[in-house]
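For reference, protein05.cif (mmCIF, N, CA and C atoms):
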```
data_model
#
loop_
_atom_site.label_atom_id
_atom_site.label_comp_id
_atom_site.auth_asym_id
_atom_site.auth_seq_id
_atom_site.Cartn_x
_atom_site.Cartn_y
_atom_site.Cartn_z
N MET A 288 110.90 104.89 67.55
CA MET A 288 111.03 105.22 68.96
C MET A 288 110.87 103.94 69.79
N ASN A 289 111.74 103.77 70.76
CA ASN A 289 111.70 102.59 71.62
C ASN A 289 110.75 102.80 72.79
N MET A 290 110.21 101.69 73.28
CA MET A 290 109.36 101.77 74.46
C MET A 290 110.26 102.09 75.66
N GLU A 291 109.83 103.04 76.49
CA GLU A 291 110.61 103.36 77.67
C GLU A 291 109.71 103.43 78.88
N THR A 292 110.35 103.34 80.05
CA THR A 292 109.65 103.42 81.32
C THR A 292 110.06 104.72 82.00
N VAL A 293 109.07 105.49 82.41
CA VAL A 293 109.31 106.78 83.05
C VAL A 293 108.77 106.71 84.47
N GLU A 294 109.62 107.03 85.45
CA GLU A 294 109.20 107.05 86.85
C GLU A 294 109.01 108.50 87.27
N LEU A 295 107.87 108.76 87.91
CA LEU A 295 107.53 110.11 88.32
C LEU A 295 107.09 110.14 89.77
N LYS A 296 107.29 111.27 90.42
CA LYS A 296 106.73 111.52 91.74
C LYS A 296 105.57 112.47 91.52
N VAL A 297 104.37 112.03 91.87
CA VAL A 297 103.16 112.83 91.67
C VAL A 297 102.45 112.96 93.01
N GLU A 298 102.20 114.21 93.43
CA GLU A 298 101.48 114.43 94.68
C GLU A 298 100.02 114.05 94.45
N MET A 299 99.58 113.01 95.17
CA MET A 299 98.23 112.52 94.97
C MET A 299 97.52 112.29 96.30
N VAL A 300 96.25 112.61 96.29
CA VAL A 300 95.37 112.24 97.40
C VAL A 300 94.04 111.81 96.79
N GLY A 301 93.49 110.77 97.33
CA GLY A 301 92.16 110.31 96.93
C GLY A 301 91.91 110.21 95.44
N ILE A 302 91.10 111.12 94.94
CA ILE A 302 90.61 111.07 93.56
C ILE A 302 91.67 111.43 92.52
N HIS A 303 92.83 111.89 92.94
CA HIS A 303 93.86 112.29 92.00
C HIS A 303 94.32 111.15 91.09
N GLU A 304 94.25 109.92 91.56
CA GLU A 304 94.67 108.81 90.70
C GLU A 304 93.77 108.73 89.46
N LYS A 305 92.50 108.96 89.65
CA LYS A 305 91.57 108.93 88.52
C LYS A 305 91.90 110.07 87.55
N ARG A 306 92.20 111.25 88.09
CA ARG A 306 92.56 112.40 87.26
C ARG A 306 93.86 112.11 86.50
N LEU A 307 94.81 111.50 87.19
CA LEU A 307 96.09 111.15 86.58
C LEU A 307 95.89 110.21 85.39
N ARG A 308 95.12 109.17 85.60
CA ARG A 308 94.89 108.19 84.53
C ARG A 308 94.16 108.84 83.34
N LYS A 309 93.25 109.78 83.64
CA LYS A 309 92.52 110.48 82.57
C LYS A 309 93.48 111.33 81.75
N CYS A 310 94.40 112.02 82.41
CA CYS A 310 95.40 112.84 81.70
C CYS A 310 96.25 111.98 80.79
N LEU A 311 96.69 110.86 81.30
CA LEU A 311 97.58 109.99 80.53
C LEU A 311 96.85 109.25 79.41
N SER A 312 95.55 109.04 79.57
CA SER A 312 94.78 108.34 78.54
C SER A 312 94.69 109.16 77.25
N LYS A 313 94.91 110.47 77.35
CA LYS A 313 94.86 111.34 76.17
C LYS A 313 96.12 111.25 75.33
N LEU A 314 97.20 110.72 75.91
CA LEU A 314 98.46 110.58 75.18
C LEU A 314 98.46 109.29 74.37
N LYS A 315 98.99 109.37 73.16
CA LYS A 315 99.13 108.17 72.34
C LYS A 315 100.40 107.44 72.74
N GLY A 316 100.36 106.12 72.71
CA GLY A 316 101.55 105.32 72.95
C GLY A 316 101.76 104.88 74.39
N ILE A 317 100.82 105.19 75.28
CA ILE A 317 100.95 104.74 76.67
C ILE A 317 100.49 103.29 76.74
N TYR A 318 101.35 102.43 77.24
CA TYR A 318 101.07 101.00 77.30
C TYR A 318 100.57 100.60 78.69
N LYS A 319 101.22 101.13 79.75
CA LYS A 319 100.86 100.72 81.11
C LYS A 319 101.15 101.86 82.09
N VAL A 320 100.26 102.00 83.10
CA VAL A 320 100.45 103.00 84.16
C VAL A 320 100.32 102.28 85.50
N GLU A 321 101.37 102.36 86.31
CA GLU A 321 101.35 101.77 87.65
C GLU A 321 101.42 102.90 88.67
N VAL A 322 100.54 102.85 89.67
CA VAL A 322 100.48 103.90 90.68
C VAL A 322 100.67 103.31 92.06
N ASP A 323 101.62 103.86 92.81
CA ASP A 323 101.81 103.50 94.22
C ASP A 323 101.47 104.74 95.03
N GLY A 324 100.25 104.77 95.55
CA GLY A 324 99.77 105.94 96.27
C GLY A 324 100.52 106.25 97.54
N SER A 325 101.01 105.22 98.22
CA SER A 325 101.71 105.46 99.50
C SER A 325 103.03 106.18 99.30
N SER A 326 103.75 105.88 98.23
CA SER A 326 105.02 106.56 97.98
C SER A 326 104.87 107.67 96.94
N GLN A 327 103.66 107.82 96.38
CA GLN A 327 103.35 108.81 95.35
C GLN A 327 104.23 108.61 94.11
N LYS A 328 104.50 107.36 93.83
CA LYS A 328 105.32 107.02 92.66
C LYS A 328 104.43 106.50 91.54
N VAL A 329 104.67 107.02 90.34
CA VAL A 329 103.92 106.60 89.17
C VAL A 329 104.93 106.11 88.13
N VAL A 330 104.68 104.92 87.59
CA VAL A 330 105.56 104.36 86.57
C VAL A 330 104.73 104.22 85.28
N VAL A 331 105.18 104.92 84.24
CA VAL A 331 104.49 104.92 82.96
C VAL A 331 105.37 104.22 81.94
N THR A 332 104.80 103.24 81.25
CA THR A 332 105.53 102.50 80.22
C THR A 332 104.83 102.74 78.89
N GLY A 333 105.63 103.08 77.88
CA GLY A 333 105.05 103.30 76.57
C GLY A 333 106.01 103.95 75.61
N TYR A 334 105.46 104.45 74.51
CA TYR A 334 106.26 105.05 73.45
C TYR A 334 106.24 106.57 73.49
N ALA A 335 105.51 107.17 74.42
CA ALA A 335 105.44 108.63 74.53
C ALA A 335 106.73 109.15 75.17
N HIS A 336 107.15 110.32 74.76
CA HIS A 336 108.37 110.93 75.29
C HIS A 336 108.14 111.35 76.74
N ARG A 337 109.16 111.19 77.56
CA ARG A 337 109.03 111.46 79.01
C ARG A 337 108.60 112.89 79.30
N ASN A 338 109.05 113.87 78.51
CA ASN A 338 108.65 115.26 78.75
C ASN A 338 107.17 115.49 78.44
N ARG A 339 106.66 114.79 77.43
CA ARG A 339 105.23 114.90 77.10
C ARG A 339 104.38 114.28 78.21
N ILE A 340 104.86 113.20 78.81
CA ILE A 340 104.13 112.56 79.91
C ILE A 340 104.06 113.52 81.10
N LEU A 341 105.20 114.10 81.46
CA LEU A 341 105.24 115.04 82.58
C LEU A 341 104.34 116.24 82.32
N LYS A 342 104.40 116.77 81.11
CA LYS A 342 103.59 117.93 80.75
C LYS A 342 102.09 117.62 80.83
N ALA A 343 101.69 116.44 80.38
CA ALA A 343 100.29 116.04 80.42
C ALA A 343 99.78 115.96 81.86
N ILE A 344 100.60 115.43 82.75
CA ILE A 344 100.20 115.31 84.16
C ILE A 344 100.07 116.70 84.77
N ARG A 345 101.02 117.57 84.50
CA ARG A 345 100.97 118.93 85.04
C ARG A 345 99.79 119.72 84.49
N ARG A 346 99.46 119.51 83.22
CA ARG A 346 98.28 120.18 82.64
C ARG A 346 97.00 119.76 83.35
N GLY A 347 97.01 118.55 83.88
CA GLY A 347 95.84 118.05 84.61
C GLY A 347 95.73 118.63 86.01
N GLY A 348 96.66 119.51 86.37
CA GLY A 348 96.59 120.18 87.67
C GLY A 348 97.29 119.44 88.79
N LEU A 349 98.09 118.44 88.46
CA LEU A 349 98.80 117.68 89.48
C LEU A 349 100.27 118.13 89.54
N LYS A 350 100.82 118.16 90.75
CA LYS A 350 102.24 118.48 90.90
C LYS A 350 103.03 117.21 90.63
N ALA A 351 103.98 117.31 89.70
CA ALA A 351 104.74 116.13 89.31
C ALA A 351 106.16 116.51 88.92
N ASP A 352 107.07 115.57 89.16
CA ASP A 352 108.47 115.68 88.74
C ASP A 352 108.98 114.29 88.44
N PHE A 353 110.11 114.22 87.76
CA PHE A 353 110.71 112.92 87.52
C PHE A 353 111.21 112.35 88.83
N TRP A 354 111.07 111.04 88.99
CA TRP A 354 111.50 110.33 90.20
C TRP A 354 113.02 110.37 90.27
N SER A 355 113.56 110.57 91.47
CA SER A 355 115.01 110.60 91.63
C SER A 355 115.42 109.73 92.81
N ALA A 356 116.71 109.50 92.94
CA ALA A 356 117.23 108.72 94.07
C ALA A 356 116.91 109.41 95.39
N GLN A 357 116.83 110.74 95.35
CA GLN A 357 116.50 111.50 96.56
C GLN A 357 115.11 111.12 97.07
N ASN A 358 114.17 110.86 96.17
CA ASN A 358 112.84 110.44 96.57
C ASN A 358 112.88 109.12 97.33
N GLU A 359 113.76 108.21 96.89
CA GLU A 359 113.92 106.92 97.57
C GLU A 359 114.43 107.14 99.00
N LEU A 360 115.41 108.03 99.16
CA LEU A 360 115.96 108.31 100.48
C LEU A 360 114.92 108.94 101.40
N LEU A 361 114.15 109.89 100.87
CA LEU A 361 113.11 110.53 101.68
C LEU A 361 112.05 109.53 102.11
N GLN A 362 111.70 108.62 101.20
CA GLN A 362 110.72 107.58 101.51
C GLN A 362 111.22 106.68 102.63
N ALA A 363 112.48 106.27 102.56
CA ALA A 363 113.06 105.41 103.59
C ALA A 363 113.14 106.14 104.92
N TYR A 364 113.51 107.43 104.89
CA TYR A 364 113.60 108.22 106.12
C TYR A 364 112.22 108.37 106.76
N ALA A 365 111.21 108.65 105.95
CA ALA A 365 109.85 108.82 106.47
C ALA A 365 109.36 107.52 107.11
N ALA A 366 109.68 106.40 106.49
CA ALA A 366 109.26 105.10 107.03
C ALA A 366 109.95 104.83 108.36
N SER A 367 111.25 105.11 108.45
CA SER A 367 111.97 104.85 109.69
C SER A 367 111.54 105.84 110.77
N ALA A 368 111.24 107.07 110.42
CA ALA A 368 110.82 108.07 111.39
C ALA A 368 109.46 107.70 111.99
N SER A 369 108.57 107.17 111.17
CA SER A 369 107.26 106.80 111.70
C SER A 369 107.36 105.62 112.66
N HIS A 370 108.29 104.70 112.39
CA HIS A 370 108.47 103.57 113.29
C HIS A 370 109.11 104.00 114.60
N SER A 371 110.09 104.88 114.54
CA SER A 371 110.76 105.30 115.77
C SER A 371 109.84 106.15 116.62
N SER A 372 108.98 106.98 116.01
CA SER A 372 108.07 107.78 116.81
C SER A 372 107.03 106.88 117.47
N PHE A 373 106.70 105.77 116.80
CA PHE A 373 105.77 104.82 117.40
C PHE A 373 106.39 104.23 118.67
N ARG A 374 107.64 103.86 118.62
CA ARG A 374 108.32 103.33 119.80
C ARG A 374 108.47 104.41 120.86
N PHE A 375 108.74 105.62 120.42
CA PHE A 375 108.92 106.73 121.35
C PHE A 375 107.64 106.97 122.15
N ASN A 376 106.49 106.84 121.50
CA ASN A 376 105.22 107.07 122.17
C ASN A 376 104.94 106.02 123.24
N ASN A 377 105.60 104.89 123.16
CA ASN A 377 105.38 103.82 124.14
C ASN A 377 106.21 104.00 125.40
N LEU A 378 107.15 104.94 125.39
CA LEU A 378 108.00 105.16 126.54
C LEU A 378 107.27 105.97 127.61
N SER A 379 107.63 105.73 128.83
CA SER A 379 107.02 106.48 129.94
C SER A 379 108.10 107.31 130.61
N PHE A 380 107.81 108.57 130.83
CA PHE A 380 108.79 109.47 131.44
C PHE A 380 108.58 109.60 132.95
N PHE A 381 107.54 109.01 133.49
CA PHE A 381 107.25 109.16 134.93
C PHE A 381 107.35 107.85 135.66
#
```
Could I get this file's structure written as structure tokens?
Amino acid sequence: MNMETVELKVEMVGIHEKRLRKCLSKLKGIYKVEVDGSSQKVVVTGYAHRNRILKAIRRGGLKADFWSAQNELLQAYAASASHSSFRFNNLSFF
């Protein structure tokens, strides 16, 4: 089996990163786990099959799915919306 990289979207707040890492530590063949809390993106590198990785995270009580291009678009939209609302709040209507 070849080493592969699996990108996931995992809903996380606060302590969930610790729970996530604990779930993945039980799987054999995990080489590296990278977590980006702001975008809720998790990148897992190793020899474990992608479905087993997803299943392990879900068993830990976390909502997770495979990362998709749609997640990238939503992330970009959310970032641009927060900037435009910031400018909008600076406008005066009176």
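Taking atom C of A:Thr332 and atom C of A:Ile302 as the two end points, the separation is 20.8 Å.
Backbone DSSP over chain A yields strand (DSSP E or B) at Glu291, Thr292, Val293, Glu294, Leu295, Lys296, Val297, Ile317, Tyr318, Lys319, Val320, Glu321, Val322, Asp323, Lys328, Val329, Val330, Val331, Thr332, Gly333, Ala351, Asp352 and Phe353 of chain A.
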Selection above as a file: N, CA and C atoms, as a compact mmCIF listing (two decimals), keeping the file's coordinate frame:
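Saved as selection.txt:
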```txt
# COMPACT_ATOMS: atom_id res chain seq x y z
N GLU A 291 109.83 103.04 76.49
CA GLU A 291 110.61 103.36 77.67
C GLU A 291 109.71 103.43 78.88
N THR A 292 110.35 103.34 80.05
CA THR A 292 109.65 103.42 81.32
C THR A 292 110.06 104.72 82.00
N VAL A 293 109.07 105.49 82.41
CA VAL A 293 109.31 106.78 83.05
C VAL A 293 108.77 106.71 84.47
N GLU A 294 109.62 107.03 85.45
CA GLU A 294 109.20 107.05 86.85
C GLU A 294 109.01 108.50 87.27
N LEU A 295 107.87 108.76 87.91
CA LEU A 295 107.53 110.11 88.32
C LEU A 295 107.09 110.14 89.77
N LYS A 296 107.29 111.27 90.42
CA LYS A 296 106.73 111.52 91.74
C LYS A 296 105.57 112.47 91.52
N VAL A 297 104.37 112.03 91.87
CA VAL A 297 103.16 112.83 91.67
C VAL A 297 102.45 112.96 93.01
N ILE A 317 100.82 105.19 75.28
CA ILE A 317 100.95 104.74 76.67
C ILE A 317 100.49 103.29 76.74
N TYR A 318 101.35 102.43 77.24
CA TYR A 318 101.07 101.00 77.30
C TYR A 318 100.57 100.60 78.69
N LYS A 319 101.22 101.13 79.75
CA LYS A 319 100.86 100.72 81.11
C LYS A 319 101.15 101.86 82.09
N VAL A 320 100.26 102.00 83.10
CA VAL A 320 100.45 103.00 84.16
C VAL A 320 100.32 102.28 85.50
N GLU A 321 101.37 102.36 86.31
CA GLU A 321 101.35 101.77 87.65
C GLU A 321 101.42 102.90 88.67
N VAL A 322 100.54 102.85 89.67
CA VAL A 322 100.48 103.90 90.68
C VAL A 322 100.67 103.31 92.06
N ASP A 323 101.62 103.86 92.81
CA ASP A 323 101.81 103.50 94.22
C ASP A 323 101.47 104.74 95.03
N LYS A 328 104.50 107.36 93.83
CA LYS A 328 105.32 107.02 92.66
C LYS A 328 104.43 106.50 91.54
N VAL A 329 104.67 107.02 90.34
CA VAL A 329 103.92 106.60 89.17
C VAL A 329 104.93 106.11 88.13
N VAL A 330 104.68 104.92 87.59
CA VAL A 330 105.56 104.36 86.57
C VAL A 330 104.73 104.22 85.28
N VAL A 331 105.18 104.92 84.24
CA VAL A 331 104.49 104.92 82.96
C VAL A 331 105.37 104.22 81.94
N THR A 332 104.80 103.24 81.25
CA THR A 332 105.53 102.50 80.22
C THR A 332 104.83 102.74 78.89
N GLY A 333 105.63 103.08 77.88
CA GLY A 333 105.05 103.30 76.57
C GLY A 333 106.01 103.95 75.61
N ALA A 351 103.98 117.31 89.70
CA ALA A 351 104.74 116.13 89.31
C ALA A 351 106.16 116.51 88.92
N ASP A 352 107.07 115.57 89.16
CA ASP A 352 108.47 115.68 88.74
C ASP A 352 108.98 114.29 88.44
N PHE A 353 110.11 114.22 87.76
CA PHE A 353 110.71 112.92 87.52
C PHE A 353 111.21 112.35 88.83
```
Applying 8 Å and only N, CA and C atoms, which residues near A:His336 remain after dropping the ones on its own chain fewer than 4 positions away? List them as a short mmCIF file (atom, residue, chain, number, x, y, z; two decimals) with N, CA and C atoms, keeping the file's coordinate frame.
```cif
data_model
loop_
_atom_site.label_atom_id
_atom_site.label_comp_id
_atom_site.auth_asym_id
_atom_site.auth_seq_id
_atom_site.Cartn_x
_atom_site.Cartn_y
_atom_site.Cartn_z
N GLU A 291 109.83 103.04 76.49
CA GLU A 291 110.61 103.36 77.67
C GLU A 291 109.71 103.43 78.88
N VAL A 293 109.07 105.49 82.41
CA VAL A 293 109.31 106.78 83.05
C VAL A 293 108.77 106.71 84.47
N LYS A 315 98.99 109.37 73.16
CA LYS A 315 99.13 108.17 72.34
C LYS A 315 100.40 107.44 72.74
N GLY A 316 100.36 106.12 72.71
CA GLY A 316 101.55 105.32 72.95
C GLY A 316 101.76 104.88 74.39
N ILE A 340 104.86 113.20 78.81
CA ILE A 340 104.13 112.56 79.91
C ILE A 340 104.06 113.52 81.10
N LEU A 341 105.20 114.10 81.46
CA LEU A 341 105.24 115.04 82.58
C LEU A 341 104.34 116.24 82.32
N LYS A 342 104.40 116.77 81.11
CA LYS A 342 103.59 117.93 80.75
C LYS A 342 102.09 117.62 80.83
#
```
Q: Enumerate, as a ChimeraX atom specification, the residues matched when the PyMOL selection byres (((chain A and resi 348 and name CA) around 12) and name CA) is run on the file above.
A: /A:297-299,303-304,306-307,309-310,341-347,349-351
Q. What does the distance between atom CA of A:Lys328 and atom CA of A:Leu295 come to in Å, to one decimal place?
A. 5.8 Å
Q) Residues of chain A in helix (DSSP H, G or I) according to DSSP, as a ChimeraX atom specification? A) /A:303-312,337-346,356-376
Atoms to include: N, CA and C atoms. Write the selected residues as a tab-separated table (two decimals), keeping the file's coordinate frame.
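Listed below is the output, part31.tsv:
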```
chain	number	residue	atom	x	y	z
A	303	HIS	N	92.83	111.89	92.94
A	303	HIS	CA	93.86	112.29	92.00
A	303	HIS	C	94.32	111.15	91.09
A	304	GLU	N	94.25	109.92	91.56
A	304	GLU	CA	94.67	108.81	90.70
A	304	GLU	C	93.77	108.73	89.46
A	305	LYS	N	92.50	108.96	89.65
A	305	LYS	CA	91.57	108.93	88.52
A	305	LYS	C	91.90	110.07	87.55
A	306	ARG	N	92.20	111.25	88.09
A	306	ARG	CA	92.56	112.40	87.26
A	306	ARG	C	93.86	112.11	86.50
A	307	LEU	N	94.81	111.50	87.19
A	307	LEU	CA	96.09	111.15	86.58
A	307	LEU	C	95.89	110.21	85.39
A	308	ARG	N	95.12	109.17	85.60
A	308	ARG	CA	94.89	108.19	84.53
A	308	ARG	C	94.16	108.84	83.34
A	309	LYS	N	93.25	109.78	83.64
A	309	LYS	CA	92.52	110.48	82.57
A	309	LYS	C	93.48	111.33	81.75
A	310	CYS	N	94.40	112.02	82.41
A	310	CYS	CA	95.40	112.84	81.70
A	310	CYS	C	96.25	111.98	80.79
A	311	LEU	N	96.69	110.86	81.30
A	311	LEU	CA	97.58	109.99	80.53
A	311	LEU	C	96.85	109.25	79.41
A	312	SER	N	95.55	109.04	79.57
A	312	SER	CA	94.78	108.34	78.54
A	312	SER	C	94.69	109.16	77.25
A	337	ARG	N	109.16	111.19	77.56
A	337	ARG	CA	109.03	111.46	79.01
A	337	ARG	C	108.60	112.89	79.30
A	338	ASN	N	109.05	113.87	78.51
A	338	ASN	CA	108.65	115.26	78.75
A	338	ASN	C	107.17	115.49	78.44
A	339	ARG	N	106.66	114.79	77.43
A	339	ARG	CA	105.23	114.90	77.10
A	339	ARG	C	104.38	114.28	78.21
A	340	ILE	N	104.86	113.20	78.81
A	340	ILE	CA	104.13	112.56	79.91
A	340	ILE	C	104.06	113.52	81.10
A	341	LEU	N	105.20	114.10	81.46
A	341	LEU	CA	105.24	115.04	82.58
A	341	LEU	C	104.34	116.24	82.32
A	342	LYS	N	104.40	116.77	81.11
A	342	LYS	CA	103.59	117.93	80.75
A	342	LYS	C	102.09	117.62	80.83
A	343	ALA	N	101.69	116.44	80.38
A	343	ALA	CA	100.29	116.04	80.42
A	343	ALA	C	99.78	115.96	81.86
A	344	ILE	N	100.60	115.43	82.75
A	344	ILE	CA	100.20	115.31	84.16
A	344	ILE	C	100.07	116.70	84.77
A	345	ARG	N	101.02	117.57	84.50
A	345	ARG	CA	100.97	118.93	85.04
A	345	ARG	C	99.79	119.72	84.49
A	346	ARG	N	99.46	119.51	83.22
A	346	ARG	CA	98.28	120.18	82.64
A	346	ARG	C	97.00	119.76	83.35
A	356	ALA	N	116.71	109.50	92.94
A	356	ALA	CA	117.23	108.72	94.07
A	356	ALA	C	116.91	109.41	95.39
A	357	GLN	N	116.83	110.74	95.35
A	357	GLN	CA	116.50	111.50	96.56
A	357	GLN	C	115.11	111.12	97.07
A	358	ASN	N	114.17	110.86	96.17
A	358	ASN	CA	112.84	110.44	96.57
A	358	ASN	C	112.88	109.12	97.33
A	359	GLU	N	113.76	108.21	96.89
A	359	GLU	CA	113.92	106.92	97.57
A	359	GLU	C	114.43	107.14	99.00
A	360	LEU	N	115.41	108.03	99.16
A	360	LEU	CA	115.96	108.31	100.48
A	360	LEU	C	114.92	108.94	101.40
A	361	LEU	N	114.15	109.89	100.87
A	361	LEU	CA	113.11	110.53	101.68
A	361	LEU	C	112.05	109.53	102.11
A	362	GLN	N	111.70	108.62	101.20
A	362	GLN	CA	110.72	107.58	101.51
A	362	GLN	C	111.22	106.68	102.63
A	363	ALA	N	112.48	106.27	102.56
A	363	ALA	CA	113.06	105.41	103.59
A	363	ALA	C	113.14	106.14	104.92
A	364	TYR	N	113.51	107.43	104.89
A	364	TYR	CA	113.60	108.22	106.12
A	364	TYR	C	112.22	108.37	106.76
A	365	ALA	N	111.21	108.65	105.95
A	365	ALA	CA	109.85	108.82	106.47
A	365	ALA	C	109.36	107.52	107.11
A	366	ALA	N	109.68	106.40	106.49
A	366	ALA	CA	109.26	105.10	107.03
A	366	ALA	C	109.95	104.83	108.36
A	367	SER	N	111.25	105.11	108.45
A	367	SER	CA	111.97	104.85	109.69
A	367	SER	C	111.54	105.84	110.77
A	368	ALA	N	111.24	107.07	110.42
A	368	ALA	CA	110.82	108.07	111.39
A	368	ALA	C	109.46	107.70	111.99
A	369	SER	N	108.57	107.17	111.17
A	369	SER	CA	107.26	106.80	111.70
A	369	SER	C	107.36	105.62	112.66
A	370	HIS	N	108.29	104.70	112.39
A	370	HIS	CA	108.47	103.57	113.29
A	370	HIS	C	109.11	104.00	114.60
A	371	SER	N	110.09	104.88	114.54
A	371	SER	CA	110.76	105.30	115.77
A	371	SER	C	109.84	106.15	116.62
A	372	SER	N	108.98	106.98	116.01
A	372	SER	CA	108.07	107.78	116.81
A	372	SER	C	107.03	106.88	117.47
A	373	PHE	N	106.70	105.77	116.80
A	373	PHE	CA	105.77	104.82	117.40
A	373	PHE	C	106.39	104.23	118.67
A	374	ARG	N	107.64	103.86	118.62
A	374	ARG	CA	108.32	103.33	119.80
A	374	ARG	C	108.47	104.41	120.86
A	375	PHE	N	108.74	105.62	120.42
A	375	PHE	CA	108.92	106.73	121.35
A	375	PHE	C	107.64	106.97	122.15
A	376	ASN	N	106.49	106.84	121.50
A	376	ASN	CA	105.22	107.07	122.17
A	376	ASN	C	104.94	106.02	123.24
```
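Of the listed residues A:Leu314, A:Met288, A:Arg308, A:Glu294, the one whose atoms come nearest to A:Val331 is A:Glu294, with distances taken using only N, CA and C atoms.
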Q. So which residues touch A:Asn289 within 8 Å, counting all atoms listed in the file, skipping near sequence neighbours fewer than 3 positions away, as a count of residues only?
A. 4
